[in-house]
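Okay, model.cif now, which holds mmCIF, C-alpha atoms:
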```cif
data_entry
#
loop_
_atom_site.label_atom_id
_atom_site.label_comp_id
_atom_site.auth_asym_id
_atom_site.auth_seq_id
_atom_site.Cartn_x
_atom_site.Cartn_y
_atom_site.Cartn_z
CA MET Y 1 -134.70 136.66 -164.94
CA ALA Y 2 -133.21 133.30 -164.04
CA GLY Y 3 -134.23 130.26 -166.03
CA CYS Y 4 -136.36 127.56 -164.48
CA MET Y 5 -134.76 124.46 -163.04
CA SER Y 6 -136.20 121.27 -164.55
CA THR Y 7 -133.83 118.79 -162.93
CA ARG Y 8 -133.17 117.93 -159.29
CA PRO Y 9 -130.67 120.30 -157.65
CA PRO Y 10 -127.21 118.76 -157.22
CA ASP Y 11 -126.60 117.09 -153.85
CA TRP Y 12 -123.77 119.53 -153.13
CA GLU Y 13 -126.08 122.54 -153.61
CA LYS Y 14 -126.58 124.40 -150.34
CA SER Y 15 -130.30 124.22 -149.63
CA GLY Y 16 -130.30 126.26 -146.42
CA ASN Y 17 -133.71 126.27 -144.80
CA VAL Y 18 -135.70 126.27 -148.03
CA THR Y 19 -138.15 123.54 -148.96
CA TRP Y 20 -138.12 122.80 -152.70
CA VAL Y 21 -141.11 121.36 -154.56
CA ALA Y 22 -141.34 120.01 -158.12
CA CYS Y 23 -144.59 120.28 -160.05
CA ARG Y 24 -145.83 117.08 -161.64
CA PRO Y 25 -146.53 118.19 -165.26
CA GLU Y 26 -143.13 119.69 -166.07
CA LYS Y 27 -141.07 118.88 -162.96
CA HIS Y 28 -140.08 122.52 -162.47
CA TRP Y 29 -138.50 123.15 -159.07
CA PHE Y 30 -139.54 126.11 -156.92
CA PRO Y 31 -139.27 127.08 -153.23
CA ALA Y 32 -142.33 126.79 -151.02
CA ALA Y 33 -142.98 127.64 -147.37
CA ALA Y 34 -142.65 124.58 -145.14
CA GLU Y 35 -145.68 125.80 -143.17
CA LEU Y 36 -147.90 125.66 -146.27
CA ILE Y 37 -146.67 122.20 -147.19
CA GLY Y 38 -147.24 121.07 -143.60
CA LEU Y 39 -150.90 122.11 -143.75
CA GLY Y 40 -151.41 119.75 -146.68
CA SER Y 41 -154.64 121.44 -147.74
CA VAL Y 42 -153.16 124.55 -149.38
CA GLU Y 43 -152.88 124.28 -153.16
CA LEU Y 44 -149.42 125.15 -154.52
CA VAL Y 45 -149.02 126.96 -157.85
CA CYS Y 46 -145.95 126.42 -160.02
CA PRO Y 47 -144.57 129.84 -160.99
CA HIS Y 48 -143.15 128.39 -164.21
CA CYS Y 49 -146.06 126.51 -165.78
CA GLY Y 50 -149.02 127.55 -163.60
CA ALA Y 51 -149.91 124.01 -162.47
CA HIS Y 52 -152.07 123.84 -159.32
CA PHE Y 53 -151.57 120.88 -156.98
CA LEU Y 54 -151.63 119.82 -153.35
CA PRO Y 55 -148.29 119.12 -151.65
CA LYS Y 56 -149.02 115.36 -151.57
CA ASP Y 57 -149.33 115.41 -155.38
CA ALA Y 58 -145.92 117.04 -155.99
CA ALA Y 59 -143.52 115.13 -158.21
CA ALA Y 60 -140.84 115.53 -155.50
CA THR Y 61 -140.15 117.52 -152.35
CA ILE Y 62 -136.79 118.34 -150.76
CA HIS Y 63 -136.95 119.32 -147.10
CA PRO Y 64 -134.02 121.13 -145.45
#
```
Take the structure I supplied and represent it as structure tokens, if you would.
Amino acid sequence: MAGCMSTRPPDWEKSGNVTWVACRPEKHWFPAAAELIGLGSVELVCPHCGAHFLPKDAAATIHP
């Protein structure tokens, strides 16, 4: 299993059409569906630390 990413991806990293979200407690990055983020009312769950949060409360978001 790949390790979790706790820093922002490098600017040269090909992001494709994936939206990346960082949880606030640990700043772990994970991909999330743009449609869910767009709704704004769907709670995201960090697969690394289990933190639950709304998209507006993410530490950072990278849109394609």
Distance of CA of Trp29 in chain Y from CA of His63 in chain Y, expressed in Å to one decimal place: 12.7 Å
Atom pair CA of Ala34 in chain Y / CA of His48 in chain Y: separation (Å):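 These two atoms are separated by 19.5 Å.
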Pull out every residue that the PyMOL selection byres ((chain Y and resi 23) around 8) matches in the shown coordinates and put them as a compact mmCIF listing (two decimals) with C-alpha atoms, in the frame of the given file.
```txt
# COMPACT_ATOMS: atom_id res chain seq x y z
CA VAL Y 21 -141.11 121.36 -154.56
CA ALA Y 22 -141.34 120.01 -158.12
CA ARG Y 24 -145.83 117.08 -161.64
CA PRO Y 25 -146.53 118.19 -165.26
CA GLU Y 26 -143.13 119.69 -166.07
CA LYS Y 27 -141.07 118.88 -162.96
CA HIS Y 28 -140.08 122.52 -162.47
CA TRP Y 29 -138.50 123.15 -159.07
CA CYS Y 46 -145.95 126.42 -160.02
CA ALA Y 51 -149.91 124.01 -162.47
CA PHE Y 53 -151.57 120.88 -156.98
CA ALA Y 58 -145.92 117.04 -155.99
CA ALA Y 59 -143.52 115.13 -158.21
CA ALA Y 60 -140.84 115.53 -155.50
```
Point-to-point distance in Å for CA of Thr61 in chain Y and CA of Leu44 in chain Y: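 Going from CA of Leu44 in chain Y over to CA of Thr61 in chain Y covers 12.2 Å.
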The PyMOL selection byres ((chain Y and resi 38) around 12) resolved against shown file, as a list in words: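 Here the PyMOL selection byres ((chain Y and resi 38) around 12) matches Thr19, Ala32, Ala33, Ala34, Glu35, Leu36, Ile37, Leu39, Gly40, Ser41, Val42, Glu43, Leu44, Leu54, Pro55, Lys56, Thr61 and His63 of chain Y.
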Kindly list the centre and edge lengths in Å, rounded to one decimal, for the axis-aligned box that covers all listed atoms of range 23-40 of chain Y plus 8 Å on each of its six sides, as lines of an AutoDock Vina configuration file.
```
center_x = -145.0
center_y = 122.4
center_z = -154.6
size_x = 28.9
size_y = 26.6
size_z = 38.9
```
